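Shown next: model_27.cif, given as mmCIF, C-alpha atoms.
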data_work
#
loop_
_atom_site.group_PDB
_atom_site.id
_atom_site.type_symbol
_atom_site.label_atom_id
_atom_site.label_comp_id
_atom_site.auth_asym_id
_atom_site.auth_seq_id
_atom_site.Cartn_x
_atom_site.Cartn_y
_atom_site.Cartn_z
ATOM 1 C CA MET A 27 12.221 15.104 -1.083
ATOM 2 C CA PHE A 28 12.071 16.499 2.413
ATOM 3 C CA PRO A 29 9.352 15.020 4.630
ATOM 4 C CA ILE A 30 7.433 17.361 6.942
ATOM 5 C CA ASN A 31 4.132 17.403 8.799
ATOM 6 C CA LEU A 32 2.097 20.587 8.427
ATOM 7 C CA ASP A 33 -0.184 22.059 11.080
ATOM 8 C CA LEU A 34 -3.368 22.610 9.101
ATOM 9 C CA THR A 35 -4.964 24.503 11.965
ATOM 10 C CA ARG A 36 -2.643 27.395 11.064
ATOM 11 C CA LEU A 37 -2.340 27.265 7.265
ATOM 12 C CA SER A 38 -4.826 28.223 4.577
ATOM 13 C CA VAL A 39 -5.724 25.542 2.037
ATOM 14 C CA ALA A 40 -7.305 25.880 -1.398
ATOM 15 C CA LEU A 41 -8.904 22.725 -2.785
ATOM 16 C CA VAL A 42 -9.878 22.595 -6.457
ATOM 17 C CA GLY A 43 -12.049 19.883 -7.986
ATOM 18 C CA ASN A 44 -15.568 18.687 -8.688
ATOM 19 C CA ASP A 45 -15.983 15.001 -7.916
ATOM 20 C CA GLN A 46 -15.638 12.154 -5.415
ATOM 21 C CA PRO A 47 -11.821 12.311 -5.129
ATOM 22 C CA THR A 48 -12.165 16.005 -4.266
ATOM 23 C CA LEU A 49 -14.746 15.142 -1.628
ATOM 24 C CA ASN A 50 -12.378 12.469 -0.273
ATOM 25 C CA ARG A 51 -9.578 15.052 0.030
ATOM 26 C CA LEU A 52 -11.952 17.486 1.760
ATOM 27 C CA HIS A 53 -12.936 14.782 4.262
ATOM 28 C CA GLN A 54 -9.235 14.165 4.908
ATOM 29 C CA LEU A 55 -8.507 17.875 5.391
ATOM 30 C CA ASP A 56 -11.482 18.276 7.704
ATOM 31 C CA GLY A 57 -10.449 15.165 9.647
ATOM 32 C CA ASP A 58 -6.952 16.583 10.037
ATOM 33 C CA GLY A 59 -8.357 19.736 11.631
ATOM 34 C CA ALA A 60 -7.787 22.107 8.713
ATOM 35 C CA ARG A 61 -9.440 25.369 9.751
ATOM 36 C CA TYR A 62 -8.991 27.550 6.688
ATOM 37 C CA VAL A 63 -10.137 25.571 3.660
ATOM 38 C CA THR A 64 -11.712 27.111 0.578
ATOM 39 C CA VAL A 65 -13.140 24.762 -2.044
ATOM 40 C CA TYR A 66 -13.145 25.925 -5.663
ATOM 41 C CA SER A 67 -15.462 23.938 -7.891
ATOM 42 C CA GLU A 68 -17.192 24.913 -11.120
ATOM 43 C CA ASN A 69 -19.505 21.896 -11.045
ATOM 44 C CA PRO A 70 -19.387 20.145 -7.662
ATOM 45 C CA ILE A 71 -21.144 16.871 -7.023
ATOM 46 C CA PRO A 72 -23.953 17.410 -4.475
ATOM 47 C CA GLU A 73 -22.034 15.693 -1.656
ATOM 48 C CA LEU A 74 -19.039 17.977 -2.208
ATOM 49 C CA ALA A 75 -21.243 21.062 -2.168
ATOM 50 C CA GLN A 76 -22.855 19.875 1.046
ATOM 51 C CA GLN A 77 -19.559 19.069 2.801
ATOM 52 C CA ALA A 78 -17.969 22.331 1.676
ATOM 53 C CA GLY A 79 -20.952 24.427 2.745
ATOM 54 C CA ASP A 80 -20.108 28.122 2.859
ATOM 55 C CA ARG A 81 -16.471 27.327 2.023
ATOM 56 C CA LEU A 82 -17.511 26.603 -1.582
ATOM 57 C CA GLN A 83 -16.676 29.005 -4.396
ATOM 58 C CA ARG A 84 -18.287 27.966 -7.690
ATOM 59 C CA TYR A 85 -15.383 29.013 -9.918
ATOM 60 C CA LEU A 86 -11.729 28.129 -10.433
ATOM 61 C CA PRO A 87 -9.379 30.186 -8.286
ATOM 62 C CA ASN A 88 -7.611 33.206 -9.738
ATOM 63 C CA SER A 89 -4.090 34.340 -8.823
ATOM 64 C CA THR A 90 -5.379 36.385 -5.861
ATOM 65 C CA ASP A 91 -7.217 33.339 -4.491
ATOM 66 C CA ILE A 92 -4.162 31.117 -4.937
ATOM 67 C CA ASN A 93 -1.867 33.728 -3.406
ATOM 68 C CA ALA A 94 -4.101 33.785 -0.308
ATOM 69 C CA ALA A 95 -3.521 30.039 0.219
ATOM 70 C CA SER A 96 -0.467 28.397 1.733
ATOM 71 C CA ILE A 97 -1.276 25.080 0.080
ATOM 72 C CA LEU A 98 -3.141 24.254 -3.135
ATOM 73 C CA PHE A 99 -4.620 20.822 -3.870
ATOM 74 C CA ILE A 100 -5.881 20.213 -7.411
ATOM 75 C CA VAL A 101 -7.926 17.053 -7.863
ATOM 76 C CA GLY A 102 -9.457 15.663 -11.064
ATOM 77 C CA ILE A 103 -9.205 18.845 -13.114
ATOM 78 C CA GLU A 104 -8.367 18.512 -16.812
ATOM 79 C CA ASN A 105 -4.645 18.674 -17.471
ATOM 80 C CA ASP A 106 -4.413 22.092 -19.170
ATOM 81 C CA LYS A 107 -6.357 23.829 -16.383
ATOM 82 C CA ALA A 108 -4.378 21.965 -13.721
ATOM 83 C CA ALA A 109 -1.106 23.031 -15.362
ATOM 84 C CA GLU A 110 -2.236 26.652 -15.429
ATOM 85 C CA LEU A 111 -3.278 26.584 -11.761
ATOM 86 C CA ALA A 112 -0.002 24.928 -10.744
ATOM 87 C CA ALA A 113 1.991 27.550 -12.694
ATOM 88 C CA THR A 114 0.052 30.330 -10.983
ATOM 89 C CA ALA A 115 0.782 28.757 -7.601
ATOM 90 C CA LYS A 116 4.483 28.605 -8.398
ATOM 91 C CA ALA A 117 4.439 32.261 -9.503
ATOM 92 C CA VAL A 118 2.843 33.461 -6.259
ATOM 93 C CA GLY A 119 4.754 31.134 -3.911
ATOM 94 C CA THR A 120 1.962 28.738 -2.957
ATOM 95 C CA ILE A 121 2.947 25.077 -2.822
ATOM 96 C CA ALA A 122 0.769 22.869 -5.018
ATOM 97 C CA ASN A 123 -0.181 19.244 -5.497
ATOM 98 C CA VAL A 124 -1.920 18.114 -8.665
ATOM 99 C CA GLU A 125 -3.225 14.668 -7.845
ATOM 100 C CA ASP A 126 -1.496 11.996 -9.905
ATOM 101 C CA VAL A 127 0.433 14.471 -12.106
ATOM 102 C CA LYS A 128 3.928 14.386 -10.657
ATOM 103 C CA GLU A 129 5.474 17.066 -12.873
ATOM 104 C CA TYR A 130 3.122 19.742 -11.463
ATOM 105 C CA CYS A 131 3.637 18.835 -7.799
ATOM 106 C CA ASP A 132 5.711 20.688 -5.234
ATOM 107 C CA PHE A 133 4.840 18.014 -2.671
ATOM 108 C CA PHE A 134 3.163 14.629 -2.418
ATOM 109 C CA SER A 135 0.652 13.426 0.130
ATOM 110 C CA PRO A 136 2.010 10.214 1.603
ATOM 111 C CA ALA A 137 -0.047 7.190 2.476
ATOM 112 C CA ARG A 138 -0.324 7.136 6.246
ATOM 113 C CA VAL A 139 -1.314 5.152 9.266
ATOM 114 C CA GLN A 140 -2.248 7.107 12.361
ATOM 115 C CA ARG A 141 -2.860 5.996 15.920
ATOM 116 C CA GLY A 142 -3.465 9.136 17.946
ATOM 117 C CA ASP A 143 -0.337 11.283 17.641
ATOM 118 C CA LEU A 144 1.715 8.393 16.254
ATOM 119 C CA MET A 145 1.855 8.682 12.477
ATOM 120 C CA ILE A 146 3.751 6.527 10.008
ATOM 121 C CA THR A 147 3.843 7.680 6.407
ATOM 122 C CA VAL A 148 4.838 5.927 3.192
ATOM 123 C CA SER A 149 5.859 7.770 0.050
ATOM 124 C CA THR A 150 7.103 6.735 -3.363
ATOM 125 C CA ASN A 151 7.681 10.413 -4.319
ATOM 126 C CA GLY A 152 4.757 10.148 -6.696
ATOM 127 C CA HIS A 153 6.102 7.150 -8.617
ATOM 128 C CA SER A 154 3.479 4.654 -7.417
ATOM 129 C CA PRO A 155 0.744 5.838 -5.059
ATOM 130 C CA ARG A 156 -0.781 2.351 -5.306
ATOM 131 C CA LEU A 157 2.380 0.730 -3.884
ATOM 132 C CA ALA A 158 2.418 3.276 -1.052
ATOM 133 C CA GLY A 159 -1.221 2.413 -0.322
ATOM 134 C CA ARG A 160 -0.510 -1.310 -0.249
ATOM 135 C CA ILE A 161 2.401 -0.804 2.168
ATOM 136 C CA ARG A 162 0.144 1.417 4.299
ATOM 137 C CA ARG A 163 -2.436 -1.372 4.552
ATOM 138 C CA ALA A 164 0.267 -3.817 5.660
ATOM 139 C CA ILE A 165 1.423 -1.378 8.360
ATOM 140 C CA GLU A 166 -2.185 -0.896 9.529
ATOM 141 C CA LYS A 167 -2.393 -4.596 10.306
ATOM 142 C CA TRP A 168 0.775 -4.422 12.393
ATOM 143 C CA LEU A 169 0.207 -1.047 14.095
ATOM 144 C CA VAL A 170 -2.712 -2.047 16.309
ATOM 145 C CA PRO A 171 -4.941 0.681 17.824
ATOM 146 C CA GLY A 172 -3.232 0.379 21.242
ATOM 147 C CA TRP A 173 -0.181 2.251 19.961
ATOM 148 C CA ASP A 174 -1.782 5.609 20.699
ATOM 149 C CA GLN A 175 -1.893 4.705 24.414
ATOM 150 C CA ARG A 176 1.678 3.409 24.271
ATOM 151 C CA LEU A 177 2.817 6.768 22.915
ATOM 152 C CA ARG A 178 0.955 8.674 25.641
ATOM 153 C CA ASP A 179 2.483 6.429 28.338
ATOM 154 C CA LEU A 180 5.967 6.869 26.923
ATOM 155 C CA SER A 181 5.492 10.625 26.590
ATOM 156 C CA ASN A 182 4.401 10.898 30.232
ATOM 157 C CA GLN A 183 7.383 8.828 31.350
ATOM 158 C CA ARG A 184 9.735 10.943 29.236
ATOM 159 C CA GLU A 185 8.432 14.124 30.889
ATOM 160 C CA LYS A 186 9.135 12.581 34.310
ATOM 161 C CA TRP A 187 12.696 11.706 33.288
ATOM 162 C CA LYS A 188 13.208 15.256 32.009
ATOM 163 C CA ALA A 189 11.826 16.709 35.256
ATOM 164 C CA ASP A 190 14.324 14.511 37.139
ATOM 165 C CA GLY A 191 17.132 16.137 35.126
ATOM 166 C CA ALA A 192 17.803 13.524 32.432
ATOM 167 C CA ASP A 193 19.961 14.838 29.590
ATOM 168 C CA MET A 194 19.466 13.823 25.952
ATOM 169 C CA PRO A 195 21.722 10.722 25.988
ATOM 170 C CA THR A 196 19.953 9.523 29.157
ATOM 171 C CA LEU A 197 16.526 10.156 27.620
ATOM 172 C CA LEU A 198 17.507 8.106 24.567
ATOM 173 C CA ARG A 199 18.813 5.223 26.689
ATOM 174 C CA LYS A 200 15.804 5.219 29.027
ATOM 175 C CA THR A 201 13.395 5.370 26.084
ATOM 176 C CA ASP A 202 15.054 2.361 24.436
ATOM 177 C CA GLU A 203 14.965 0.442 27.719
ATOM 178 C CA TYR A 204 11.277 1.310 28.234
ATOM 179 C CA ILE A 205 10.350 0.093 24.747
ATOM 180 C CA ASP A 206 12.505 -3.051 25.026
ATOM 181 C CA ARG A 207 11.108 -4.069 28.442
ATOM 182 C CA ARG A 208 7.606 -3.993 26.986
ATOM 183 C CA GLY A 209 8.565 -5.842 23.794
ATOM 184 C CA TRP A 210 6.910 -3.266 21.567
ATOM 185 C CA LEU A 211 9.432 -3.564 18.733
ATOM 186 C CA PRO A 212 11.588 -6.372 17.391
#

Translate the structure described by the file into structure tokens.
Amino acid sequence: MFPINLDLTRLSVALVGNDQPTLNRLHQLDGDGARYVTVYSENPIPELAQQAGDRLQRYLPNSTDINAASILFIVGIENDKAAELAATAKAVGTIANVEDVKEYCDFFSPARVQRGDLMITVSTNGHSPRLAGRIRRAIEKWLVPGWDQRLRDLSNQREKWKADGADMPTLLRKTDEYIDRRGWLP
């Protein structure tokens, strides 16, 4: 597995599903700033239809729809339909995730803790999402909300060091010293 963070303000996303887990994924996508989301749902729960609004298509996506998306999320769809959608995605070059069906996934959504621009993710490569979630909750307790300000402070300081001509080895040393003086990490 190769971990990456995707800028969802620039990529098109197709979301397929009908129920609460689909709504949860849509809330997550919306919260992450996804701009180009189309929701495909044959029988959406009312809350999903409301959240999706004019992004809702009341059918399963065809190959043209899937080809138009960079990313395909399939949530809570019966296995044979999910397999067919995942195969179509593979054929047209769209990466796909079928929630909780590892063999159809090109990627996995990690459990994550986010404080501003600081993000820590936990993945079990699809082997145990529950374990990843439990580890995430433990990290949440440790990574207090003030870390977002710490990152901004450190980023501002780093820009000053760069403006003063610091090279990469100096930036690394100064960053470590900055963190150590404040006792942020063990």

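The shortest atom-to-atom distance to A:Val170, with all atoms listed in the file taken into account, belongs to A:Arg141 out of A:Trp187, A:Val42, A:Arg141, A:Arg84.
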
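When atom CA of A:Ala78 is paired with atom CA of A:Val65, their separation reads 6.6 Å.
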
Explicit residue set for the PyMOL selection byres ((chain A and resi 27-40) around 10), as a PyMOL selection string: chain A and resi 41-42+55-56+58-66+81+87+91-100+120-122+132-136+145+147+149+151

Of the listed residues A:Pro195, A:Gly159, A:Pro72, A:Gly43, that which approaches A:Val139 most closely, counting only C-alpha atoms: A:Gly159

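If you measure from each of A:Gly102, A:Gly152, A:Gly142, A:Pro171 to A:Asp45 using only C-alpha atoms, the closest one turns out to be A:Gly102.
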
I'd like to see the residues matched by the PyMOL selection byres ((chain A and resi 105-110) around 10) on this file, and ideally I'd get them as an mmCIF file with C-alpha atoms, in the coordinates of the input.
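Okay, part25.cif is ready:
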data_model
loop_
_atom_site.group_PDB
_atom_site.id
_atom_site.type_symbol
_atom_site.label_atom_id
_atom_site.label_comp_id
_atom_site.auth_asym_id
_atom_site.auth_seq_id
_atom_site.Cartn_x
_atom_site.Cartn_y
_atom_site.Cartn_z
ATOM 1 C CA VAL A 42 -9.878 22.595 -6.457
ATOM 2 C CA GLY A 43 -12.049 19.883 -7.986
ATOM 3 C CA LEU A 86 -11.729 28.129 -10.433
ATOM 4 C CA PHE A 99 -4.620 20.822 -3.870
ATOM 5 C CA ILE A 100 -5.881 20.213 -7.411
ATOM 6 C CA VAL A 101 -7.926 17.053 -7.863
ATOM 7 C CA GLY A 102 -9.457 15.663 -11.064
ATOM 8 C CA ILE A 103 -9.205 18.845 -13.114
ATOM 9 C CA GLU A 104 -8.367 18.512 -16.812
ATOM 10 C CA LEU A 111 -3.278 26.584 -11.761
ATOM 11 C CA ALA A 112 -0.002 24.928 -10.744
ATOM 12 C CA ALA A 113 1.991 27.550 -12.694
ATOM 13 C CA THR A 114 0.052 30.330 -10.983
ATOM 14 C CA ALA A 115 0.782 28.757 -7.601
ATOM 15 C CA LYS A 116 4.483 28.605 -8.398
ATOM 16 C CA ASN A 123 -0.181 19.244 -5.497
ATOM 17 C CA VAL A 124 -1.920 18.114 -8.665
ATOM 18 C CA GLU A 125 -3.225 14.668 -7.845
ATOM 19 C CA VAL A 127 0.433 14.471 -12.106
ATOM 20 C CA GLU A 129 5.474 17.066 -12.873
ATOM 21 C CA TYR A 130 3.122 19.742 -11.463
ATOM 22 C CA CYS A 131 3.637 18.835 -7.799
#

Top pick for closest residue to A:Ile205, considering A:Asp190, A:Leu180, A:Gln83, A:Glu185 and counting only C-alpha atoms: A:Leu180

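Minimum atom-to-atom distances from A:Pro47, A:Arg199, A:Ile165, A:His53 to A:Asp126 were compared using all atoms listed in the file, and the lowest value belongs to A:Pro47.
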
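With the shown file loaded, the PyMOL selection byres ((chain A and resi 68) around 6) picks out A:Ser67, A:Asn69, A:Arg84, A:Tyr85.
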
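Candidate residues A:Leu198, A:Trp168, A:Arg160, A:Gln77 were compared for distance to A:Gln46, and the nearest is A:Gln77, using all atoms listed in the file.
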